[in-house]
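Printed here is run_33.csv (CSV, C-alpha atoms):
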chain,number,residue,atom,x,y,z
A,1,MET,CA,-13.2,-19.3,40.9
A,2,GLY,CA,-12.4,-17.7,37.6
A,3,LEU,CA,-9.2,-16.1,36.5
A,4,PRO,CA,-7.4,-13.6,38.8
A,5,PHE,CA,-6.7,-11.5,35.8
A,6,ASP,CA,-8.5,-10.1,32.7
A,7,PRO,CA,-9.5,-13.1,30.5
A,8,GLN,CA,-8.3,-11.1,27.5
A,9,LEU,CA,-4.8,-11.4,28.8
A,10,SER,CA,-3.8,-14.7,27.1
A,11,THR,CA,-5.3,-13.6,23.8
A,12,LEU,CA,-3.2,-10.4,24.0
A,13,PHE,CA,0.0,-12.3,24.9
A,14,ARG,CA,-0.6,-14.7,22.0
A,15,ALA,CA,-1.1,-11.9,19.6
A,16,LEU,CA,2.0,-10.2,20.9
A,17,GLY,CA,4.1,-13.4,20.9
A,18,ASP,CA,5.5,-13.0,17.4
A,19,ASP,CA,8.4,-10.9,16.0
A,20,THR,CA,6.5,-9.9,12.8
A,21,ARG,CA,3.4,-8.8,14.7
A,22,LEU,CA,5.5,-6.7,17.1
A,23,LEU,CA,7.3,-5.1,14.1
A,24,ILE,CA,3.8,-4.3,12.6
A,25,LEU,CA,2.7,-2.6,15.8
A,26,GLU,CA,6.0,-0.6,15.9
A,27,GLN,CA,5.3,0.6,12.4
A,28,LEU,CA,1.8,1.6,13.2
A,29,LYS,CA,3.0,3.5,16.3
A,30,ALA,CA,4.6,5.9,13.9
A,31,ARG,CA,1.6,6.5,11.7
A,32,ASP,CA,-2.0,5.4,11.4
A,33,ASP,CA,-3.8,4.4,8.1
A,34,GLN,CA,-1.1,2.2,6.5
A,35,THR,CA,-1.9,-0.3,3.7
A,36,LEU,CA,-0.8,-3.9,3.8
A,37,PHE,CA,1.7,-3.0,1.0
A,38,GLU,CA,3.3,-0.2,3.0
A,39,LEU,CA,3.5,-2.2,6.3
A,40,TYR,CA,5.0,-5.1,4.4
A,41,GLY,CA,7.5,-2.8,2.7
A,42,ARG,CA,8.6,-1.2,5.9
A,43,VAL,CA,8.9,-4.4,7.8
A,44,PHE,CA,10.9,-5.9,4.9
A,45,ASN,CA,13.1,-2.9,4.3
A,46,GLU,CA,13.9,-2.0,7.8
A,47,HIS,CA,14.2,-5.5,9.3
A,48,GLY,CA,14.7,-7.9,6.4
A,49,PHE,CA,11.6,-9.9,7.2
A,50,CYS,CA,10.4,-11.7,4.1
A,51,LEU,CA,7.0,-13.5,4.2
A,52,THR,CA,4.3,-14.4,1.8
A,53,ARG,CA,1.4,-12.0,1.4
A,54,GLN,CA,-0.8,-14.6,2.9
A,55,ALA,CA,1.3,-15.0,6.0
A,56,PHE,CA,1.6,-11.3,6.4
A,57,SER,CA,-2.2,-11.0,6.0
A,58,ARG,CA,-2.7,-13.6,8.7
A,59,HIS,CA,-0.6,-11.6,11.1
A,60,LEU,CA,-2.7,-8.5,10.5
A,61,ASN,CA,-5.9,-10.6,11.1
A,62,THR,CA,-4.5,-11.9,14.4
A,63,LEU,CA,-3.7,-8.4,15.6
A,64,GLU,CA,-7.1,-7.2,14.6
A,65,GLU,CA,-8.9,-10.1,16.3
A,66,ALA,CA,-7.0,-9.4,19.5
A,67,GLY,CA,-8.2,-5.7,19.3
A,68,LEU,CA,-4.7,-4.3,18.9
A,69,ILE,CA,-5.3,-2.8,15.5
A,70,ARG,CA,-8.4,-1.8,13.5
A,71,THR,CA,-9.0,-1.7,9.8
A,72,ALA,CA,-11.0,0.8,7.7
A,73,TRP,CA,-11.6,1.3,4.0
A,74,ARG,CA,-10.2,4.4,2.4
A,75,GLY,CA,-11.9,4.3,-1.0
A,76,ARG,CA,-11.2,0.8,-2.3
A,77,THR,CA,-8.0,0.4,-0.2
A,78,LYS,CA,-7.9,-1.2,3.3
A,79,VAL,CA,-5.8,0.7,5.9
A,80,HIS,CA,-4.7,-0.3,9.3
A,81,SER,CA,-4.4,1.7,12.5
A,82,LEU,CA,-3.2,1.1,16.1
A,83,THR,CA,-5.8,0.6,18.8
A,84,ALA,CA,-3.4,-1.0,21.3
A,85,ALA,CA,-3.5,1.8,23.9
A,86,ALA,CA,-6.7,0.7,25.6
A,87,SER,CA,-5.7,-3.0,25.8
A,88,PHE,CA,-2.3,-2.1,27.1
A,89,ARG,CA,-3.7,0.3,29.7
A,90,GLU,CA,-6.7,-1.8,30.9
A,91,THR,CA,-5.4,-5.3,30.5
A,92,LEU,CA,-1.7,-5.6,30.3
A,93,ALA,CA,-0.6,-2.8,32.6
A,94,PRO,CA,-2.6,-3.9,35.7
A,95,PHE,CA,-1.2,-7.5,35.3
A,96,LEU,CA,2.4,-6.5,34.6
A,97,THR,CA,2.6,-3.8,37.3
A,98,GLY,CA,2.4,-6.4,40.0
A,99,TYR,CA,5.4,-8.2,38.6
A,100,ILE,CA,7.4,-5.1,37.9
A,101,LYS,CA,6.9,-3.9,41.5
A,102,GLY,CA,7.8,-7.4,42.8
A,103,ASP,CA,4.6,-7.6,44.9
A,104,ARG,CA,3.7,-10.8,46.7
A,105,PRO,CA,0.1,-11.7,47.2
B,1,MET,CA,13.5,-7.7,-29.4
B,2,LYS,CA,12.5,-4.5,-27.7
B,3,MET,CA,9.9,-3.4,-25.1
B,4,TYR,CA,7.0,-1.8,-26.9
B,5,ILE,CA,3.8,-1.5,-24.8
B,6,LYS,CA,3.0,-1.6,-21.2
B,7,SER,CA,-0.7,-1.9,-20.5
B,8,VAL,CA,-2.8,-0.4,-17.6
B,9,VAL,CA,-6.4,-1.6,-17.5
B,10,VAL,CA,-8.6,1.4,-16.6
B,11,ASP,CA,-12.3,1.7,-15.5
B,12,ASP,CA,-13.0,4.5,-18.0
B,13,GLN,CA,-10.8,5.4,-20.9
B,14,ALA,CA,-12.0,9.0,-21.2
B,15,LYS,CA,-11.4,9.6,-17.5
B,16,ALA,CA,-8.0,7.9,-17.7
B,17,ARG,CA,-7.0,10.0,-20.7
B,18,THR,CA,-7.6,13.2,-18.7
B,19,PHE,CA,-5.9,12.0,-15.6
B,20,TYR,CA,-2.8,10.5,-17.3
B,21,THR,CA,-2.3,13.6,-19.6
B,22,GLU,CA,-3.5,16.6,-17.6
B,23,THR,CA,-2.6,15.5,-14.1
B,24,LEU,CA,0.4,13.2,-14.7
B,25,GLY,CA,1.7,15.0,-17.8
B,26,PHE,CA,2.0,12.2,-20.4
B,27,GLN,CA,1.4,12.8,-24.1
B,28,ILE,CA,-1.1,10.9,-26.3
B,29,LYS,CA,0.8,8.9,-28.9
B,30,HIS,CA,-2.2,6.9,-30.5
B,31,ASP,CA,-5.9,7.5,-30.0
B,32,ILE,CA,-7.7,5.3,-32.5
B,33,PRO,CA,-11.4,4.7,-32.1
B,34,MET,CA,-12.2,1.0,-32.3
B,35,GLY,CA,-15.9,0.6,-31.8
B,36,GLU,CA,-16.9,1.2,-28.2
B,37,PHE,CA,-13.3,1.7,-27.1
B,38,SER,CA,-10.1,3.3,-28.4
B,39,TRP,CA,-6.6,2.1,-29.0
B,40,LEU,CA,-5.1,4.7,-26.6
B,41,THR,CA,-1.4,4.9,-25.9
B,42,LEU,CA,0.7,7.5,-24.2
B,43,VAL,CA,4.4,8.4,-24.0
B,44,SER,CA,6.4,10.4,-21.6
B,45,PRO,CA,7.4,13.9,-23.0
B,46,GLU,CA,10.9,13.0,-21.7
B,47,GLU,CA,10.9,9.9,-24.0
B,48,PRO,CA,8.6,10.5,-26.9
B,49,ASP,CA,10.0,7.4,-28.7
B,50,GLY,CA,10.1,5.3,-25.6
B,51,VAL,CA,7.9,2.5,-24.3
B,52,GLU,CA,4.2,3.3,-24.8
B,53,LEU,CA,1.6,3.0,-22.0
B,54,ALA,CA,-1.7,1.6,-23.3
B,55,LEU,CA,-4.8,2.6,-21.3
B,56,GLU,CA,-6.9,-0.5,-21.9
B,57,PRO,CA,-10.7,-0.8,-21.2
B,58,GLY,CA,-11.6,-3.2,-18.3
B,59,ALA,CA,-13.7,-5.2,-20.7
B,60,HIS,CA,-12.7,-8.6,-19.3
B,61,GLU,CA,-14.2,-9.2,-15.8
B,62,ALA,CA,-11.0,-11.1,-14.7
B,63,THR,CA,-8.9,-7.9,-14.9
B,64,ASN,CA,-11.4,-6.1,-12.6
B,65,THR,CA,-11.2,-8.9,-10.0
B,66,PHE,CA,-7.4,-8.8,-10.1
B,67,ARG,CA,-7.2,-5.0,-9.9
B,68,ALA,CA,-9.7,-4.8,-7.0
B,69,ALA,CA,-7.7,-7.3,-5.0
B,70,LEU,CA,-4.5,-5.4,-5.5
B,71,MET,CA,-6.2,-2.1,-4.7
B,72,ALA,CA,-7.6,-3.5,-1.4
B,73,ASP,CA,-4.1,-4.5,-0.2
B,74,GLY,CA,-2.5,-1.2,-1.5
B,75,ILE,CA,-0.3,-3.0,-4.0
B,76,PRO,CA,0.8,-1.1,-7.1
B,77,PHE,CA,1.2,-3.1,-10.4
B,78,THR,CA,2.8,-0.3,-12.5
B,79,ALA,CA,5.7,2.0,-11.7
B,80,PHE,CA,7.0,5.2,-13.3
B,81,SER,CA,10.4,6.7,-12.5
B,82,VAL,CA,10.9,10.3,-11.5
B,83,ASP,CA,14.1,12.4,-11.0
B,84,ASP,CA,12.8,14.0,-7.8
B,85,LEU,CA,10.2,12.0,-5.9
B,86,ASP,CA,9.5,14.6,-3.2
B,87,ALA,CA,8.9,17.3,-5.8
B,88,GLU,CA,6.5,15.1,-7.7
B,89,TYR,CA,4.7,14.1,-4.4
B,90,GLU,CA,4.2,17.8,-3.7
B,91,ARG,CA,3.1,18.6,-7.2
B,92,LEU,CA,0.6,15.7,-7.4
B,93,THR,CA,-0.7,16.2,-3.9
B,94,ALA,CA,-1.4,19.8,-4.7
B,95,ALA,CA,-3.3,18.7,-7.8
B,96,GLY,CA,-5.6,16.5,-5.6
B,97,VAL,CA,-4.0,13.1,-6.2
B,98,GLU,CA,-4.5,10.7,-3.4
B,99,PHE,CA,-1.4,8.9,-2.2
B,100,THR,CA,-1.9,5.6,-0.3
B,101,ASN,CA,1.8,5.4,0.5
B,102,PRO,CA,3.8,8.7,1.2
B,103,PRO,CA,7.4,8.8,0.1
B,104,MET,CA,9.6,6.2,1.8
B,105,THR,CA,13.1,4.9,1.2
B,106,ALA,CA,13.3,1.3,0.3
B,107,GLY,CA,16.7,-0.2,-0.5
B,108,GLY,CA,18.3,1.8,-3.2
B,109,ALA,CA,15.2,3.8,-4.1
B,110,LYS,CA,12.7,6.2,-2.8
B,111,MET,CA,9.1,5.4,-3.6
B,112,ALA,CA,5.5,6.4,-3.1
B,113,VAL,CA,2.1,5.0,-4.3
B,114,PHE,CA,-0.9,6.9,-5.6
B,115,ASN,CA,-4.4,6.1,-6.8
B,116,ASP,CA,-4.9,6.8,-10.6
B,117,THR,CA,-8.7,7.2,-10.0
B,118,CYS,CA,-9.3,4.5,-12.6
B,119,GLY,CA,-8.9,1.4,-10.5
B,120,ASN,CA,-5.2,1.2,-10.1
B,121,LEU,CA,-2.4,2.1,-7.7
B,122,ILE,CA,0.8,3.4,-9.3
B,123,GLN,CA,4.2,3.4,-7.8
B,124,LEU,CA,6.6,6.4,-8.3
B,125,ILE,CA,10.3,5.5,-8.0
B,126,GLU,CA,13.4,7.7,-7.7
B,127,LEU,CA,16.5,5.6,-8.0
B,128,LEU,CA,19.1,6.8,-5.5
B,129,ASP,CA,22.8,6.9,-6.3
B,130,GLN,CA,24.5,3.8,-5.0
B,131,ALA,CA,27.8,5.2,-3.9
Show how you would write the structure in this file as structure tokens.
Amino acid sequence: MGLPFDPQLSTLFRALGDDTRLLILEQLKARDDQTLFELYGRVFNEHGFCLTRQAFSRHLNTLEEAGLIRTAWRGRTKVHSLTAAASFRETLAPFLTGYIKGDRP
Amino acid sequence: MKMYIKSVVVDDQAKARTFYTETLGFQIKHDIPMGEFSWLTLVSPEEPDGVELALEPGAHEATNTFRAALMADGIPFTAFSVDDLDAEYERLTAAGVEFTNPPMTAGGAKMAVFNDTCGNLIQLIELLDQA
């Protein structure tokens, strides 16, 4: 009974299943502690993605709820940092490795 | 019709006067006491007859709600132009100014964002030559 994989897996795949959110993770891979304004500016300038502030904010919330990023307050400004490494190592990698190796159960 | 005043609402006029003159390098154009507050405007030494920047007291609560929301998201509502952004970034960082956004190229401009210590984020912009 139960799932033959980490129950967090589908939450992670849902969070990863969006181009804007993947671009946000890519930006945070380069540097921690970025504001919504900076992330929005980089995603817009480098990839031409144009969203409302509300939509962009929802994407950040989704990433945070999935545990892929964390937020902190620097003074009165909210900054975002990457925390994806643990999820990738502990949840995604064990699942994907089986497929990449082509193992059959 | 001409542009005359651009207002920035500040938490504390005295603190803002110091930051905007001593740290940023603007000059006081008018400083007229008006009761509890002052009519306080600045100009750039590069443009003494140019548009004035009024440092306004945050006496209306709505301005503070508005500014806090922008500050949380890292959004600047006022921009100053500079000839050499990297040099200004070095100079202001050395003077203790906190940047929420280090210099980055965006379209035809290089920009950065700093905290004015009075409740606002300010954008610095260097327009790049569009060859």
Query raised in the report: CA of Gln8 in chain A to CA of Ser87 in chain A: how many Å, to one decimal?
Result: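 Between these atoms lies a distance of 8.7 Å.
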**Report entry** Atom pair CA of Gln27 in chain A / CA of Tyr40 in chain A: separation (Å)
**Finding:**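 According to the coordinates, CA of Gln27 in chain A and CA of Tyr40 in chain A are separated by 9.8 Å.
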Using all atoms listed in the file, determine which residues of chain B fall within 7 Å of chain A; present them as a CSV table (one decimal) with C-alpha atoms, keeping the file's coordinate frame.
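The resulting selection29.csv:
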chain,number,residue,atom,x,y,z
B,71,MET,CA,-6.2,-2.1,-4.7
B,72,ALA,CA,-7.6,-3.5,-1.4
B,73,ASP,CA,-4.1,-4.5,-0.2
B,74,GLY,CA,-2.5,-1.2,-1.5
B,75,ILE,CA,-0.3,-3.0,-4.0
B,101,ASN,CA,1.8,5.4,0.5
B,106,ALA,CA,13.3,1.3,0.3
B,107,GLY,CA,16.7,-0.2,-0.5
Query raised in the report: Nearest to Asp6 in chain A among A:Phe56, A:Phe88, A:Phe49, A:Phe95, with distances taken over only C-alpha atoms: which residue is it?
Result: A:Phe95
Query raised in the report: Got a sec: who's within 6 Å of Ser81 in chain B, counting all atoms listed in the file, leaving out chain neighbours fewer than 5 positions off, as a PyMOL selection string?
Result: chain B and resi 124-126
Requested in this report: Calculate how many Å separate CA of Ala84 in chain A from CA of Gly98 in chain A, rounding to one decimal.
Outcome: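 Taking CA of Ala84 in chain A as the start and CA of Gly98 in chain A as the end point, the length is 20.3 Å.
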Once you count all atoms listed in the file, what closest atom pair and distance in Å to one decimal does each residue of range 11-42 of chain B within 10 Å of range 50-66 of chain B have, with rows by chain and rising residue number, as a Markdown table?
| residue | atom | partner | partner_atom | distance |
| --- | --- | --- | --- | --- |
| B:Asp11 | CA | B:Gly58 | CA | 5.7 |
| B:Asp12 | CA | B:Pro57 | CA | 6.6 |
| B:Gln13 | CA | B:Pro57 | CA | 6.2 |
| B:Ala14 | CA | B:Leu55 | CA | 9.6 |
| B:Ala16 | CA | B:Leu55 | CA | 7.2 |
| B:Arg17 | CA | B:Leu55 | CA | 7.7 |
| B:Tyr20 | CA | B:Leu55 | CA | 9.1 |
| B:Phe26 | CA | B:Leu53 | CA | 9.3 |
| B:Gln27 | CA | B:Glu52 | CA | 9.9 |
| B:Ile28 | CA | B:Glu52 | CA | 9.4 |
| B:Lys29 | CA | B:Glu52 | CA | 7.7 |
| B:His30 | CA | B:Ala54 | CA | 9.0 |
| B:Asp31 | CA | B:Ala54 | CA | 9.9 |
| B:Glu36 | CA | B:Pro57 | CA | 9.6 |
| B:Phe37 | CA | B:Pro57 | CA | 6.9 |
| B:Ser38 | CA | B:Glu56 | CA | 8.2 |
| B:Trp39 | CA | B:Ala54 | CA | 7.5 |
| B:Leu40 | CA | B:Ala54 | CA | 5.7 |
| B:Thr41 | CA | B:Ala54 | CA | 4.2 |
| B:Leu42 | CA | B:Leu53 | CA | 5.1 |
Query raised in the report: Which polymer residues, protein or nucleic acid, are no farther than 10 Å from (-3.9, -3.8, 10.6), counting all atoms listed in the file, as a PyMOL selection string?
Result: chain A and resi 21+24-25+28+32-36+39+57+59-65+67-72+78-83
**Report entry** Long-range neighbours of Glu98 in chain B as a list in words, 7 Å cut-off, only C-alpha atoms, 4 positions minimum in chain
**Finding:** Thr93, Phe114 and Asn115 of chain B
